[in-house]
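Raw contents of upload-v5.cif, mmCIF, C-alpha atoms:
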```cif
data_coords
loop_
_atom_site.group_PDB
_atom_site.id
_atom_site.type_symbol
_atom_site.label_atom_id
_atom_site.label_comp_id
_atom_site.auth_asym_id
_atom_site.auth_seq_id
_atom_site.Cartn_x
_atom_site.Cartn_y
_atom_site.Cartn_z
ATOM 1 C CA ARG A 643 198.221 -22.815 131.778
ATOM 2 C CA SER A 644 194.479 -23.436 131.625
ATOM 3 C CA SER A 645 193.048 -24.466 128.301
ATOM 4 C CA GLU A 646 189.406 -25.394 128.876
ATOM 5 C CA LEU A 647 186.406 -23.963 130.686
ATOM 6 C CA ILE A 648 184.815 -26.926 132.451
ATOM 7 C CA HIS A 649 181.951 -25.331 134.390
ATOM 8 C CA SER A 650 180.623 -21.935 135.411
ATOM 9 C CA GLY A 651 177.851 -20.532 137.563
ATOM 10 C CA GLU A 652 176.980 -18.456 140.603
ATOM 11 C CA LEU A 653 177.792 -19.505 144.135
ATOM 12 C CA THR A 654 177.644 -17.885 147.556
ATOM 13 C CA LYS A 655 181.069 -17.522 149.158
ATOM 14 C CA ILE A 656 180.853 -17.812 152.956
ATOM 15 C CA THR A 657 183.443 -16.452 155.364
ATOM 16 C CA ARG A 658 184.198 -17.736 158.860
ATOM 17 C CA GLN A 659 182.440 -14.658 160.268
ATOM 18 C CA GLY A 660 179.258 -15.787 158.543
ATOM 19 C CA LYS A 661 179.348 -13.091 155.850
ATOM 20 C CA THR A 662 178.082 -14.102 152.416
ATOM 21 C CA ARG A 663 179.135 -12.770 149.020
ATOM 22 C CA GLN A 664 177.502 -13.678 145.733
ATOM 23 C CA ARG A 665 180.164 -14.424 143.110
ATOM 24 C CA ALA A 666 180.382 -15.753 139.567
ATOM 25 C CA PHE A 667 182.738 -18.745 139.341
ATOM 26 C CA PHE A 668 184.587 -20.172 136.351
ATOM 27 C CA LEU A 669 186.224 -23.579 136.701
ATOM 28 C CA PHE A 670 189.107 -24.230 134.316
ATOM 29 C CA ASP A 671 191.614 -27.022 134.381
ATOM 30 C CA HIS A 672 194.065 -26.202 137.178
ATOM 31 C CA GLN A 673 192.236 -23.186 138.604
ATOM 32 C CA LEU A 674 188.953 -21.742 139.821
ATOM 33 C CA ILE A 675 188.389 -18.046 139.117
ATOM 34 C CA PHE A 676 185.743 -15.976 140.871
ATOM 35 C CA CYS A 677 184.434 -12.527 139.929
ATOM 36 C CA LYS A 678 182.050 -9.911 141.241
ATOM 37 C CA LYS A 679 179.121 -8.736 139.155
ATOM 38 C CA ASP A 680 178.541 -5.034 138.641
ATOM 39 C CA LEU A 681 175.482 -3.779 140.540
ATOM 40 C CA LEU A 682 174.188 -1.722 137.614
ATOM 41 C CA ARG A 683 175.530 -3.646 134.631
ATOM 42 C CA ARG A 684 175.039 -7.321 135.365
ATOM 43 C CA ASP A 685 176.966 -8.285 132.231
ATOM 44 C CA MET A 686 180.173 -6.701 133.616
ATOM 45 C CA LEU A 687 182.459 -8.736 135.885
ATOM 46 C CA TYR A 688 185.308 -7.696 138.185
ATOM 47 C CA TYR A 689 188.081 -10.164 138.908
ATOM 48 C CA LYS A 690 188.324 -10.953 142.633
ATOM 49 C CA GLY A 691 190.665 -13.917 142.895
ATOM 50 C CA ARG A 692 191.610 -17.457 141.966
ATOM 51 C CA ILE A 693 192.144 -20.832 143.647
ATOM 52 C CA ASP A 694 194.846 -23.225 142.487
ATOM 53 C CA MET A 695 193.080 -26.557 142.001
ATOM 54 C CA ASP A 696 196.356 -28.501 141.827
ATOM 55 C CA HIS A 697 196.867 -27.947 145.564
ATOM 56 C CA THR A 698 193.229 -27.999 146.686
ATOM 57 C CA GLU A 699 191.133 -30.649 148.389
ATOM 58 C CA LEU A 700 187.374 -30.861 147.763
ATOM 59 C CA ILE A 701 185.257 -31.496 150.872
ATOM 60 C CA ASP A 702 181.539 -32.290 150.611
ATOM 61 C CA THR A 703 179.562 -30.666 153.429
ATOM 62 C CA GLU A 704 176.328 -31.994 154.879
ATOM 63 C CA ASP A 705 173.340 -29.743 155.448
ATOM 64 C CA GLY A 706 173.142 -28.375 158.971
ATOM 65 C CA LYS A 707 175.580 -26.731 161.346
ATOM 66 C CA ASP A 708 179.183 -26.842 160.217
ATOM 67 C CA ARG A 709 181.779 -27.365 162.950
ATOM 68 C CA ASP A 710 184.616 -25.488 161.279
ATOM 69 C CA PHE A 711 182.623 -22.348 160.441
ATOM 70 C CA ASN A 712 180.106 -22.720 163.290
ATOM 71 C CA ILE A 713 177.217 -21.740 161.006
ATOM 72 C CA THR A 714 174.236 -23.546 159.511
ATOM 73 C CA VAL A 715 174.618 -24.248 155.800
ATOM 74 C CA LYS A 716 172.704 -25.908 152.991
ATOM 75 C CA ASN A 717 173.904 -27.216 149.597
ATOM 76 C CA ALA A 718 177.451 -26.350 150.623
ATOM 77 C CA PHE A 719 180.946 -27.688 149.958
ATOM 78 C CA LYS A 720 184.480 -26.656 150.912
ATOM 79 C CA LEU A 721 187.801 -26.234 149.183
ATOM 80 C CA ARG A 722 190.915 -26.565 151.354
ATOM 81 C CA ASP A 723 194.200 -25.124 150.194
ATOM 82 C CA LYS A 724 196.804 -27.719 151.213
ATOM 83 C CA PRO A 725 199.920 -25.487 151.467
ATOM 84 C CA SER A 726 198.241 -22.816 153.632
ATOM 85 C CA ASP A 727 195.494 -25.039 155.137
ATOM 86 C CA GLU A 728 193.002 -22.251 154.349
ATOM 87 C CA VAL A 729 189.419 -23.430 153.885
ATOM 88 C CA TYR A 730 186.869 -21.822 151.545
ATOM 89 C CA MET A 731 183.160 -22.547 151.846
ATOM 90 C CA PHE A 732 180.631 -22.189 149.035
ATOM 91 C CA SER A 733 176.878 -22.681 148.897
ATOM 92 C CA ALA A 734 174.639 -23.325 145.885
ATOM 93 C CA LYS A 735 171.014 -22.254 145.564
ATOM 94 C CA LYS A 736 169.777 -25.753 144.749
ATOM 95 C CA LEU A 737 170.957 -29.285 145.433
ATOM 96 C CA GLU A 738 171.144 -29.904 141.685
ATOM 97 C CA ASP A 739 173.557 -26.966 141.328
ATOM 98 C CA LYS A 740 175.779 -28.361 144.064
ATOM 99 C CA GLN A 741 175.855 -31.779 142.409
ATOM 100 C CA ARG A 742 176.849 -30.187 139.099
ATOM 101 C CA TRP A 743 179.739 -28.431 140.788
ATOM 102 C CA LEU A 744 180.933 -31.617 142.516
ATOM 103 C CA LEU A 745 180.832 -33.438 139.184
ATOM 104 C CA ALA A 746 182.668 -30.560 137.502
ATOM 105 C CA PHE A 747 185.468 -30.697 140.096
ATOM 106 C CA ALA A 748 185.824 -34.434 139.497
ATOM 107 C CA ASN A 749 185.975 -33.856 135.734
ATOM 108 C CA GLU A 750 188.610 -31.171 136.224
ATOM 109 C CA ARG A 751 190.903 -33.566 138.098
ATOM 110 C CA LYS A 752 190.281 -36.258 135.496
ATOM 111 C CA ARG A 753 191.155 -33.861 132.687
ATOM 112 C CA VAL A 754 194.424 -32.838 134.374
ATOM 113 C CA GLN A 755 195.367 -36.495 134.951
ATOM 114 C CA GLU A 756 194.713 -37.351 131.302
ATOM 115 C CA ASP A 757 196.888 -34.423 130.195
ATOM 116 C CA GLU A 758 199.702 -35.632 132.443
ATOM 117 C CA GLU A 759 199.470 -39.164 131.019
ATOM 118 C CA MET A 760 199.577 -37.797 127.465
ATOM 119 C CA GLY A 761 202.617 -35.682 128.281
ATOM 120 C CA MET A 762 200.797 -32.386 127.780
ATOM 121 C CA GLU A 763 201.745 -31.066 131.217
ATOM 122 C CA ILE A 764 204.714 -28.705 131.520
ATOM 123 C CA SER A 765 207.079 -29.302 134.420
ATOM 124 C CA GLU A 766 208.224 -26.517 136.736
ATOM 125 C CA ASN A 767 211.760 -26.667 135.296
ATOM 126 C CA GLN A 768 210.360 -26.295 131.772
ATOM 127 C CA LYS A 769 208.293 -23.284 132.871
ATOM 128 C CA LYS A 770 211.337 -21.616 134.471
ATOM 129 C CA GLN A 771 213.462 -22.299 131.397
ATOM 130 C CA ALA A 772 210.770 -20.863 129.091
ATOM 131 C CA MET A 773 210.530 -17.710 131.230
ATOM 132 C CA LEU A 774 214.330 -17.371 131.202
ATOM 133 C CA ASN A 775 214.468 -17.744 127.408
ATOM 134 C CA ALA A 776 211.708 -15.163 126.974
ATOM 135 C CA LYS A 777 213.589 -12.737 129.244
ATOM 136 C CA LYS A 778 216.823 -13.190 127.282
ATOM 137 C CA SER A 779 214.991 -12.704 123.996
ATOM 138 C CA ARG A 780 213.416 -9.487 125.300
ATOM 139 C CA GLN A 781 216.772 -8.161 126.476
ATOM 140 C CA GLY A 782 218.354 -8.976 123.103
ATOM 141 C CA LYS A 783 215.700 -7.012 121.252
ATOM 142 C CA LEU A 784 216.139 -4.003 123.521
ATOM 143 C CA LYS A 785 219.930 -4.155 123.108
ATOM 144 C CA SER A 786 219.654 -4.216 119.320
ATOM 145 C CA LEU A 787 217.423 -1.165 119.420
ATOM 146 C CA SER A 788 219.664 0.811 121.788
ATOM 147 C CA TYR A 789 222.775 2.745 120.659
ATOM 148 C CA SER A 790 225.851 4.088 122.413
ATOM 149 C CA GLY A 791 225.541 7.693 121.365
ATOM 150 C CA CYS A 792 223.288 10.060 119.521
ATOM 151 C CA PRO A 793 224.619 11.512 116.246
ATOM 152 C CA VAL A 794 225.371 15.213 116.426
ATOM 153 C CA PRO A 795 222.839 17.174 114.426
ATOM 154 C CA PRO A 796 224.267 19.242 111.534
ATOM 155 C CA PRO A 797 224.884 22.937 112.223
ATOM 156 C CA HIS A 798 222.162 25.373 111.302
ATOM 157 C CA GLN A 799 222.385 26.425 107.673
ATOM 158 C CA ALA A 800 220.958 29.755 106.613
ATOM 159 C CA LEU A 801 218.536 29.531 103.712
ATOM 160 C CA HIS A 802 219.087 31.542 100.542
ATOM 161 C CA PRO A 803 216.620 34.260 99.654
ATOM 162 C CA MET A 804 213.465 33.180 97.884
ATOM 163 C CA HIS A 805 214.584 34.434 94.434
ATOM 164 C CA GLN A 806 217.846 32.421 94.699
ATOM 165 C CA ARG A 807 216.252 29.133 95.678
ATOM 166 C CA HIS A 808 215.705 26.448 93.109
ATOM 167 C CA VAL A 809 212.428 24.576 93.603
ATOM 168 C CA THR A 810 211.754 21.465 91.531
ATOM 169 C CA VAL A 811 208.071 21.079 90.670
ATOM 170 C CA PRO A 812 206.599 18.196 88.657
ATOM 171 C CA THR A 813 205.650 19.103 85.085
ATOM 172 C CA SER A 814 202.146 17.780 85.650
ATOM 173 C CA VAL A 815 201.353 20.643 88.028
ATOM 174 C CA PRO A 816 199.614 23.574 86.221
ATOM 175 C CA GLN A 817 201.380 26.927 86.109
ATOM 176 C CA GLN A 818 198.747 28.555 88.295
ATOM 177 C CA GLN A 819 199.501 26.021 91.064
ATOM 178 C CA VAL A 820 203.242 26.489 90.576
ATOM 179 C CA PHE A 821 202.848 30.197 91.138
ATOM 180 C CA SER A 822 200.809 29.637 94.251
ATOM 181 C CA LEU A 823 203.538 27.375 95.606
ATOM 182 C CA ALA A 824 206.313 29.898 94.852
ATOM 183 C CA GLU A 825 204.653 32.954 96.309
ATOM 184 C CA PRO A 826 201.998 32.918 98.987
ATOM 185 C CA LYS A 827 198.829 34.829 98.262
ATOM 186 C CA ARG A 828 198.662 38.308 99.755
ATOM 187 C CA LYS A 829 195.493 39.751 101.135
ATOM 188 C CA PRO A 830 194.246 42.865 99.244
ATOM 189 C CA SER A 831 194.888 46.176 100.914
ATOM 190 C CA PRO A 832 191.873 47.722 102.674
ATOM 191 C CA PHE A 833 192.450 50.880 100.672
ATOM 192 C CA TRP A 834 192.103 49.155 97.269
ATOM 193 C CA HIS A 835 189.122 47.233 98.565
ATOM 194 C CA SER A 836 187.379 50.486 99.510
ATOM 195 C CA PHE A 837 188.424 52.069 96.225
ATOM 196 C CA SER A 838 186.962 49.236 94.165
ATOM 197 C CA ARG A 839 183.654 49.685 95.981
ATOM 198 C CA LEU A 840 183.629 53.407 95.096
ATOM 199 C CA ALA A 841 184.684 52.873 91.502
ATOM 200 C CA PRO A 842 181.161 52.494 89.999
ATOM 201 C CA PHE A 843 180.263 56.005 91.242
ATOM 202 C CA LYS A 844 183.079 57.650 89.311
ATOM 203 C CA LYS A 845 182.034 59.817 86.387
#
```

Would you encode the structure as structure tokens?
Amino acid sequence: RSSELIHSGELTKITRQGKTRQRAFFLFDHQLIFCKKDLLRRDMLYYKGRIDMDHTELIDTEDGKDRDFNITVKNAFKLRDKPSDEVYMFSAKKLEDKQRWLLAFANERKRVQEDEEMGMEISENQKKQAMLNAKKSRQGKLKSLSYSGCPVPPPHQALHPMHQRHVTVPTSVPQQQVFSLAEPKRKPSPFWHSFSRLAPFKK
């Protein structure tokens, strides 16, 4: 759905209870994704959630005490989810950072509007039809791979003795290797091993 990263950076997410959480935010067209940084490895991120920008209203917040959250804020702005009427508050470290975010949100809406005018947006009916086609295609592949029954394995056949078996060996294999393939090597008997050690002392 999203095709372009418009802006990214760190913001402080503020709850109505006044709790603050530092998060890394990534603004794409249509959605805002926020992640948590690992305490030990700062280069590792954990996905925490997303906000649908198509149904969100941007609210600029003045410095001072906010009436909705009943807390004092600085360099803050809000995002209100229209369907649920839930309000999210974010605060930037500097005024310049806040202004960059406000500009990025405006660019995101402009980008989405341009895509709609160019016919690059996919309607809900087209999305549902694409999902239905993909589901049918998946089911067809699974059906072609499945089978009604498993073939009965052939009954066990006893092997002929070694001297009656016919083994085909390529002519390029030396005779010594052919012999080693036909008969496995046997370990020498301990008796003959001891006898060979005593052989030099025989008169």

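In this model, the gap between CA of His672 in chain A and CA of Ser733 in chain A comes to 21.1 Å.
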
Hey, can I get the axis-aligned box for range 741-749 of chain A? All listed atoms, 3 Å padding on each side, centre and edge lengths in Å to one decimal, as JSON.
```
{"center_x": 180.9, "center_y": -31.4, "center_z": 139.1, "size_x": 16.1, "size_y": 12.0, "size_z": 12.8}
```

Please provide as an MDAnalysis selection string all residues within 12 Å of Arg663 in chain A, with the sequence filter that same-chain residues fewer than 5 positions apart are discarded (counting all atoms listed in the file).
chainID A and resid 652:657 676:679 690 731:734

Between CA of Lys724 in chain A and CA of Glu758 in chain A lies a distance of 20.6 Å

Written as a PyMOL selection string, what is the full residue list that the PyMOL selection byres ((chain A and resi 666-670) around 8) yields on the file shown?
chain A and resi 644-653+664-665+671-679+746-747+750

Going by the chain IDs and residue numbers used in this file, which residues fall under the PyMOL selection byres ((chain A and resi 703-706) around 8)? Write them as an NGL selection string.
:A and (701-702 or 707-708 or 714-720)

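Relative to CA of Arg709 in chain A, CA of Gln659 in chain A is found at 13.0 Å.
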